[in-house]
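Encoded as structure tokens, the structure appears first; notes follow it.
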Amino acid sequence: MRLHHLTLQAFGPFRAHESVDFDTLRQGGLFLVHGATGAGKSTVFDAVCFALYGYVPGLKPRHPLSLRSHHADPATATRVELEFTMAGRRLRITRTPQQEKPGRATPLQATAHLAQRHTDTASGHHTWKPLASGHQETSNEITALLGMSREQFCQVVLLPQGEFATFLRSDAKDRTAVLSRLFGTRRFTAVQHWLADHAKERGRLRDEALAGMWREADRIRHTVTTAGVTTAADTPSPENPNLTPAQIHHWARTLRTAATTAHASAEAALAAARERHTAATKHAETVHALAERQSRHRTATEALAHLHAKAGHFEAMERALERARSAEPVRALLEGLDAADRDHATAADTLAEARRNLPDPHTDGSDADLATAENRLSADTGQLEVLRQDEARAAELTATLTALDAELQEAEADQQEITDWLAQADDERAAHTARLRAAQEAHTESVRLGAALPQLELRLAAARRRDALTGKCAKARLKADTLKEAALTAGQQARELLDRRLEGMAGELAGQLEADRPCPVCGSAAHPRPATAAKDHPTREEAAAADKEYRRADKAWQKAEQDAVKYATEAEAAREQAGDTTAADLLQHHRDTERAHTALLNAAADTAPAEEQLTLFDKTRTARTDELTAVGKRIGDYRARRETHSDEADLLRRRLQEALGEHPTIDDRITHLNARRTTITAARRAIQHADTTAATLARARRNAGGQATEAGFDSLPDARKALLPRERITALAAEIATWHTEQTAWTATLTDPAVAAAAAQDPADPKAADAALAAATDNLATATSAETTTSTCCRILTAHLDDLTTHTADLEPLTEEYERAQHLADLAAGTSTDNQLRMHLEAYVLAARLEDVAQAANARLTRMSSGRYQLFHTDARTGRGRSGLGLEILDQWTGQTRDTRTLSGGESFFASLALALGLADVVAHEAGGSRLDTLFIDEGFGSLDEDTLDEVLQVLDELRSHSRAVGVVSHVADLRRRIPTQMQVRKNENGSTIRALECAPAH
């Protein structure tokens, strides 16, 4: 994969539109990314990762809203676009995270678009055609193209030195987590879990078969115990586990044989019991039939004697029945006579009640008198109907006067309320004016304090700088003085060494003389008395080293002196700005001013409401004044109308009082007259009805007497006495017929030959026959129960024996499968004794990957360490723990291996760098061998000395072979001189910007 161009907008610290041209940076092969801390160097690579995968690097995904720049304009959308080539295809991906938009209640959702560039061979024009859209679809397409996950991409393309320094020193558990995420070996953990679950399942099936065998054995034991079947073989139970399945099976077969024998005996006993029960049943049936005939003969004899004794009673009943049937034609006339008598009595009572209700003087009047009174009442009612309009008008006037009184009272109350309100209006307006004046004064004071707050903030910041720089000045001055003494001491030592060397220079030159060779000083070839150098004479190297140490100490002193002067100057400038007031006092003064400013702003906010309230009050007072005038006019109108209506109402009231008398209304008067007329009408109807019922009663009495004479009765009372209710006549006829029927039936029973023959025999004894049958029945039930029990026992034993055979047949292969599955699960989990290293399956796979990583890392580590160090994977166990992912460093100078945590800072850097590069190669190979033409290496170069830095840069320079671009992220100033192609990330108060330098100036 090769990166071409990155564009980011309102992303992270970048406020506006920024772009990175990786094609330009690739021309130098190796390029440097530098900038101040927090400028956004890592954000550039976060944008690359976000464009490809929709997430930024890190242990936990960041919230989408946190990706947006806080410096960006609200109208500028956050957006990242990346162009890259993968497998010969030029692709462009554009993403926007979820982000807020002004004017929307809900945030904009994230978007993603992937397109491929197509070139027209004829015109050379480029067009982009979409491949995917949407977050999930685009991420799936990118993962399929790159062949690696987000974690693998971040580990292969952006080499995080800090993480791999931690990885270098971490334990096996932490290394497992990192390598498992990169190589995707969780499937081996899944295999390990599957093996464990499979072993549990096999064990469960084995236990079920074993439990089933004991369950069937227990059921067999319970069945034979219930049936009373026994055997001499040992009875198996879970408390006696020494019995084998074969012995348990033999015990069960023996019991089934015994049960079969017992069932045969029970069947023979049941057949004999059935024969005895059949004979006893037949004998009992014969005895019961004889006893029943003898009982019938005795019952018939007694019944006939009883019927003959009642013969006189039934003859009297027959005579009464005959008289009742003769009186039946008179029944209807007698009932009509009784009804007419009742009607006449009721009419007489009604007439008496009606006369009692009549008013005086009509209580004894005739029908004609009552008719005259009724007509007179109707005439009076007609005259009252004429006065209804006067009554309605009077009621209307009364309602009008009541309403006028209420309205007049309400208007007078309104007049008083408005008068009272206007009386206190001046005081209320003064209160509104005072409120407005206070809000305006608060606004003026808040403006003054608001202008003073920035100056206070500047003084507070200056006071804090002054206090911080005061401490730094003291430390810097102490450091400068210390370094000055060290420089003076180093200078004195260097001069002393130089003086001593100059004093002993003759001896040093004499030591260089050779026979027959001229002296470099005098030119003589003879050296009669050469000088002798002192034993402690300093060498040239010692003098040069002392001078070098002096120059280093002097340079450090000058640098510390410059720092001390700089801190002192900055502290004095801060003191001039802040004055002598303490930072705490300034902070308290600032807080008090802020609180006062906030309170004034709150008070000033009341200006507009106060003005609005004052204007509203003035409008209200004008309206209330106009309203008072209108209410006065309305009161005068009410009083004039009331006087007019009152006169008319008095005239109508006098006219109605004359017509109504003591009644309040015309309706009440008419109701009273109608009630009297209704009473008279009812009395007339009662007189007429009484006369009619008297005539009907006389006619009914004559008809009934004539019919009784024709029926043969002496008088009407004699016929009424002979008459019986129809139900009684029917009952007498039925009772007489039953008497005759029973005599005939009992006579037929006595003449039956079988009954007569049974009566001639000795009395039967059914109780003895029943006792014999009961004994035979009990014997049959006992035999049947025994046969059923033994038969059921044989059937159940056969079923349980089949189940027992199944369980014992399944137990042996299930046991073998369980032991094999458990052994594999223990091997995969590292708990088996056969797994001597106690290494679980995933750790075993990762150990092989770690060996590949260490081998790939050593190809570069050997170069970086000048052949001194090599990394080795070790599967040695640490204490009682597991083994598998250990790392050791081999020191070629000593031939000893040691823990990676013993490496120094610089050694840890290039070892972790080699480890990161090696891991990147192995991960890329695992991901399908995708070529990665762009790599980024994170911070860590500051811990290297000059020679080691050269070795590391040579190794990195080799990575850019075959058009590969390598980006180095570092603060080391020396790298700006060594790497001319650079990308600078700068920050200020408005956000960060990116500037690419193809050939940066040397530093």
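The chains in the structure tokens are called A, B, ... from first to last as shown; in each chain the residues are counted from 1, and the ligands are counted from 1 in the order shown.
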Exercise: Asp338 of chain A partners within 10 Å, only C-alpha atoms, chain neighbours under 4 positions left out, as a list of chain:residue names: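 Listed by chain and then number, they are A:Leu333, A:Leu334, A:Arg342, A:Asp343, A:Leu697, A:Ala700, A:Arg701.
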Please save N, CA, C and O atoms of the selected residues as a CSV table (one decimal), in the first residue's frame.
```
chain,number,residue,atom,x,y,z
A,333,LEU,N,-122.6,-20.3,36.1
A,333,LEU,CA,-123.5,-19.3,36.5
A,333,LEU,C,-123.2,-18.8,37.9
A,333,LEU,O,-123.4,-17.6,38.2
A,334,LEU,N,-122.9,-19.8,38.8
A,334,LEU,CA,-122.5,-19.4,40.2
A,334,LEU,C,-121.3,-18.5,40.2
A,334,LEU,O,-121.2,-17.5,41.0
A,342,ARG,N,-119.4,-9.0,43.6
A,342,ARG,CA,-118.2,-8.3,44.0
A,342,ARG,C,-118.1,-7.0,43.2
A,342,ARG,O,-117.7,-6.0,43.8
A,343,ASP,N,-118.5,-6.9,42.0
A,343,ASP,CA,-118.5,-5.6,41.2
A,343,ASP,C,-119.4,-4.6,41.9
A,343,ASP,O,-119.1,-3.4,42.0
A,697,LEU,N,-126.3,-7.5,38.9
A,697,LEU,CA,-126.4,-8.5,40.0
A,697,LEU,C,-127.8,-9.2,40.0
A,697,LEU,O,-127.9,-10.4,40.2
A,700,ALA,N,-128.0,-11.8,37.2
A,700,ALA,CA,-127.2,-13.1,37.4
A,700,ALA,C,-127.9,-14.0,38.4
A,700,ALA,O,-127.9,-15.2,38.3
A,701,ARG,N,-128.5,-13.4,39.5
A,701,ARG,CA,-129.1,-14.2,40.5
A,701,ARG,C,-130.3,-15.0,39.9
A,701,ARG,O,-130.5,-16.2,40.2
```
Shell of 12 Å around segment 255-261 of chain A, only C-alpha atoms, local chain residues under 5 positions omitted, as number ranges by chain: A: 217, 220-235, 248-250, 266-268, 786-802
For the selection you just gave me, I'd like the residues written to a file as an mmCIF file, in the first residue's frame, keeping C-alpha atoms.
```
data_model
loop_
_atom_site.group_PDB
_atom_site.id
_atom_site.type_symbol
_atom_site.label_atom_id
_atom_site.label_comp_id
_atom_site.auth_asym_id
_atom_site.auth_seq_id
_atom_site.Cartn_x
_atom_site.Cartn_y
_atom_site.Cartn_z
ATOM 1 C CA ALA A 217 -30.577 -51.386 38.939
ATOM 2 C CA ILE A 220 -35.161 -53.550 39.362
ATOM 3 C CA ARG A 221 -34.401 -53.860 43.090
ATOM 4 C CA HIS A 222 -37.538 -51.856 43.981
ATOM 5 C CA THR A 223 -39.698 -53.922 41.566
ATOM 6 C CA VAL A 224 -38.648 -57.334 42.904
ATOM 7 C CA THR A 225 -38.928 -56.100 46.515
ATOM 8 C CA THR A 226 -42.540 -55.076 45.848
ATOM 9 C CA ALA A 227 -43.307 -58.422 44.149
ATOM 10 C CA GLY A 228 -41.496 -60.460 46.845
ATOM 11 C CA VAL A 229 -39.022 -62.018 44.367
ATOM 12 C CA THR A 230 -35.539 -62.804 45.793
ATOM 13 C CA THR A 231 -32.232 -64.265 44.613
ATOM 14 C CA ALA A 232 -28.989 -65.427 46.214
ATOM 15 C CA ALA A 233 -26.826 -63.048 44.068
ATOM 16 C CA ASP A 234 -25.316 -59.858 45.599
ATOM 17 C CA THR A 235 -27.593 -56.824 45.310
ATOM 18 C CA ILE A 248 -24.951 -56.280 37.629
ATOM 19 C CA HIS A 249 -26.396 -57.581 34.341
ATOM 20 C CA HIS A 250 -26.179 -61.229 35.578
ATOM 21 C CA ALA A 266 -49.792 -67.490 40.334
ATOM 22 C CA GLU A 267 -51.524 -68.314 37.021
ATOM 23 C CA ALA A 268 -52.364 -71.915 38.169
ATOM 24 C CA ALA A 786 -50.934 -62.278 42.841
ATOM 25 C CA GLU A 787 -51.074 -63.043 39.113
ATOM 26 C CA THR A 788 -51.209 -59.328 38.201
ATOM 27 C CA THR A 789 -48.296 -58.518 40.512
ATOM 28 C CA THR A 790 -46.075 -61.262 39.145
ATOM 29 C CA SER A 791 -47.084 -60.480 35.545
ATOM 30 C CA THR A 792 -46.346 -56.762 36.021
ATOM 31 C CA CYS A 793 -43.069 -57.639 37.727
ATOM 32 C CA CYS A 794 -42.012 -59.794 34.737
ATOM 33 C CA ARG A 795 -42.988 -57.066 32.245
ATOM 34 C CA ILE A 796 -41.245 -54.262 34.171
ATOM 35 C CA LEU A 797 -38.178 -56.400 34.773
ATOM 36 C CA THR A 798 -37.952 -57.120 31.031
ATOM 37 C CA ALA A 799 -38.155 -53.371 30.211
ATOM 38 C CA HIS A 800 -35.625 -52.423 32.901
ATOM 39 C CA LEU A 801 -33.325 -55.259 31.836
ATOM 40 C CA ASP A 802 -33.387 -53.926 28.251
#
```
Residues within 10 Å of Ala269 of chain A, only C-alpha atoms, excluding chain neighbours under 6 positions, as a list of chain:residue names: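 Skipping anything fewer than 6 positions along the chain leaves A:Asn779, A:Leu780, A:Thr782, A:Ala783, A:Thr784, A:Ala786, A:Glu787.
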Output file for the residues above (all heavy atoms, as a CSV table (one decimal), in the first residue's frame):
```csv
chain,number,residue,atom,x,y,z
A,779,ASN,N,-61.2,-65.1,47.6
A,779,ASN,CA,-60.1,-66.0,47.1
A,779,ASN,C,-59.7,-65.6,45.7
A,779,ASN,O,-58.5,-65.6,45.3
A,779,ASN,CB,-60.6,-67.4,47.2
A,779,ASN,CG,-59.5,-68.4,47.0
A,779,ASN,OD1,-58.4,-68.1,47.1
A,779,ASN,ND2,-59.9,-69.7,46.6
A,780,LEU,N,-60.7,-65.3,44.8
A,780,LEU,CA,-60.4,-64.9,43.4
A,780,LEU,C,-59.6,-63.6,43.3
A,780,LEU,O,-58.7,-63.5,42.5
A,780,LEU,CB,-61.7,-64.8,42.6
A,780,LEU,CG,-61.6,-64.4,41.2
A,780,LEU,CD1,-60.8,-65.4,40.4
A,780,LEU,CD2,-63.0,-64.2,40.5
A,782,THR,N,-57.6,-62.4,45.6
A,782,THR,CA,-56.2,-62.6,46.1
A,782,THR,C,-55.4,-63.3,45.0
A,782,THR,O,-54.3,-62.9,44.7
A,782,THR,CB,-56.2,-63.5,47.3
A,782,THR,OG1,-57.0,-62.9,48.3
A,782,THR,CG2,-54.8,-63.8,47.8
A,783,ALA,N,-56.0,-64.3,44.3
A,783,ALA,CA,-55.3,-65.0,43.2
A,783,ALA,C,-55.0,-64.0,42.1
A,783,ALA,O,-54.0,-64.1,41.4
A,783,ALA,CB,-56.1,-66.2,42.8
A,784,THR,N,-56.1,-63.2,41.7
A,784,THR,CA,-55.9,-62.2,40.6
A,784,THR,C,-54.8,-61.2,40.9
A,784,THR,O,-54.0,-60.9,40.0
A,784,THR,CB,-57.2,-61.5,40.3
A,784,THR,OG1,-58.2,-62.5,40.1
A,784,THR,CG2,-57.1,-60.5,39.2
A,786,ALA,N,-52.2,-61.6,42.9
A,786,ALA,CA,-50.9,-62.3,42.8
A,786,ALA,C,-50.5,-62.5,41.4
A,786,ALA,O,-49.3,-62.2,41.0
A,786,ALA,CB,-51.0,-63.6,43.6
A,787,GLU,N,-51.4,-62.8,40.5
A,787,GLU,CA,-51.1,-63.0,39.1
A,787,GLU,C,-50.7,-61.7,38.5
A,787,GLU,O,-49.7,-61.6,37.7
A,787,GLU,CB,-52.3,-63.7,38.4
A,787,GLU,CG,-51.9,-64.2,37.0
A,787,GLU,CD,-52.0,-63.1,35.9
A,787,GLU,OE1,-52.7,-62.1,36.2
A,787,GLU,OE2,-51.3,-63.2,34.9
```
Spatial neighbours of segment 685-689 of chain A, max dist 8 Å, only C-alpha atoms, sep filter under 5 positions, as a ChimeraX atom specification: /A:347,350-351,354,367
Hey, what's within 7 Å of segment 314-331 of chain A if we count only C-alpha atoms and toss same-chain stuff fewer than 4 positions away? As a tab-separated table (two decimals) with N, CA, C and O atoms, in the first residue's frame, please?
```tsv
chain	number	residue	atom	x	y	z
A	310	LYS	N	-111.01	-51.49	53.04
A	310	LYS	CA	-111.36	-50.12	52.68
A	310	LYS	C	-112.52	-50.05	51.68
A	310	LYS	O	-112.74	-49.01	51.05
A	335	GLU	N	-120.27	-18.80	39.35
A	335	GLU	CA	-119.08	-17.95	39.29
A	335	GLU	C	-119.43	-16.56	38.77
A	335	GLU	O	-118.92	-15.53	39.26
A	704	ALA	N	-128.92	-18.15	37.65
A	704	ALA	CA	-128.33	-19.25	38.42
A	704	ALA	C	-129.40	-20.09	39.11
A	704	ALA	O	-129.32	-21.33	39.17
A	707	GLN	N	-131.10	-22.58	36.62
A	707	GLN	CA	-130.25	-23.71	36.20
A	707	GLN	C	-130.11	-24.75	37.31
A	707	GLN	O	-130.06	-25.95	37.04
A	708	ALA	N	-130.05	-24.38	38.57
A	708	ALA	CA	-129.96	-25.34	39.69
A	708	ALA	C	-131.21	-26.20	39.78
A	708	ALA	O	-131.13	-27.41	40.07
A	711	ALA	N	-131.04	-28.95	37.24
A	711	ALA	CA	-130.06	-30.00	37.53
A	711	ALA	C	-130.53	-30.94	38.65
A	711	ALA	O	-129.82	-31.90	38.98
A	719	ALA	N	-127.03	-26.74	45.47
A	719	ALA	CA	-126.16	-26.98	44.30
A	719	ALA	C	-124.73	-26.51	44.56
A	719	ALA	O	-123.75	-27.14	44.16
A	722	ALA	N	-122.90	-29.19	46.69
A	722	ALA	CA	-122.50	-30.41	45.96
A	722	ALA	C	-121.34	-30.16	45.01
A	722	ALA	O	-120.61	-31.08	44.62
A	723	LEU	N	-121.14	-28.95	44.64
A	723	LEU	CA	-120.09	-28.62	43.67
A	723	LEU	C	-118.70	-28.79	44.29
A	723	LEU	O	-118.46	-28.36	45.42
A	724	LEU	N	-117.78	-29.50	43.59
A	724	LEU	CA	-116.39	-29.71	44.02
A	724	LEU	C	-115.44	-29.08	43.02
A	724	LEU	O	-115.77	-28.95	41.83
A	729	ILE	N	-112.29	-33.47	41.74
A	729	ILE	CA	-113.04	-34.48	40.97
A	729	ILE	C	-112.08	-35.42	40.26
A	729	ILE	O	-112.26	-36.65	40.26
A	736	ILE	N	-110.16	-43.94	42.93
A	736	ILE	CA	-111.09	-45.08	42.83
A	736	ILE	C	-110.58	-46.07	41.77
A	736	ILE	O	-110.61	-47.30	41.98
```
Close residues, Glu18 of chain A itself excluded, 12 Å, only C-alpha atoms, min 6 positions apart in chain, as a VMD selection string: chain A and resid 5 to 12 40 43 to 44 47 78 to 81 985 to 986 991 to 996
Nearest residue to Asp875 of chain A from the set A:Thr400, A:Asn357, A:Thr808, A:Gln836 (distances using only C-alpha atoms): A:Gln836
DSSP alpha helix (DSSP H) residues within segment 105-279 of chain A, listed as a ChimeraX atom specification: /A:135-146,150-157,161-169,172-183,186-227,245-279
Backbone DSSP call of strand (DSSP E or B) for segment 3-207 of chain A, listed as a ChimeraX atom specification: /A:3-11,14-21,30-35,68,79-86,89-96,99,108,111-119,126-133,158-159
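Closest to Asp826 of chain A among A:Ala911, A:Ala757, A:Val447, A:Met839 is A:Met839, based on only C-alpha atoms.
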Atomic distance atom CA of Leu307 of chain A - atom CA of Val755 of chain A, expressed in Å with one decimal: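 We find that atom CA of Leu307 of chain A and atom CA of Val755 of chain A lie 20.6 Å from each other.
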Minimum-distance residue to Arg2 of chain A, chosen among A:Asp933, A:Pro609, A:Arg976, A:Ala596 (using only C-alpha atoms):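 Comparing A:Asp933, A:Pro609, A:Arg976, A:Ala596 against Arg2 of chain A, the winner is A:Asp933.
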Between atom CA of Ala144 of chain A and atom CA of Met1 of chain A - distance in Å to one decimal: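 Taking atom CA of Met1 of chain A and atom CA of Ala144 of chain A, their separation equals 13.0 Å.
Take atom CA of Leu401 of chain A and atom CA of Glu627 of chain A: the distance between them is 24.7 Å.
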Among the residues A:Ala371, A:Leu656, A:Leu30, A:Ala211, the one that comes closest to Val968 of chain A [using only C-alpha atoms]: A:Leu30
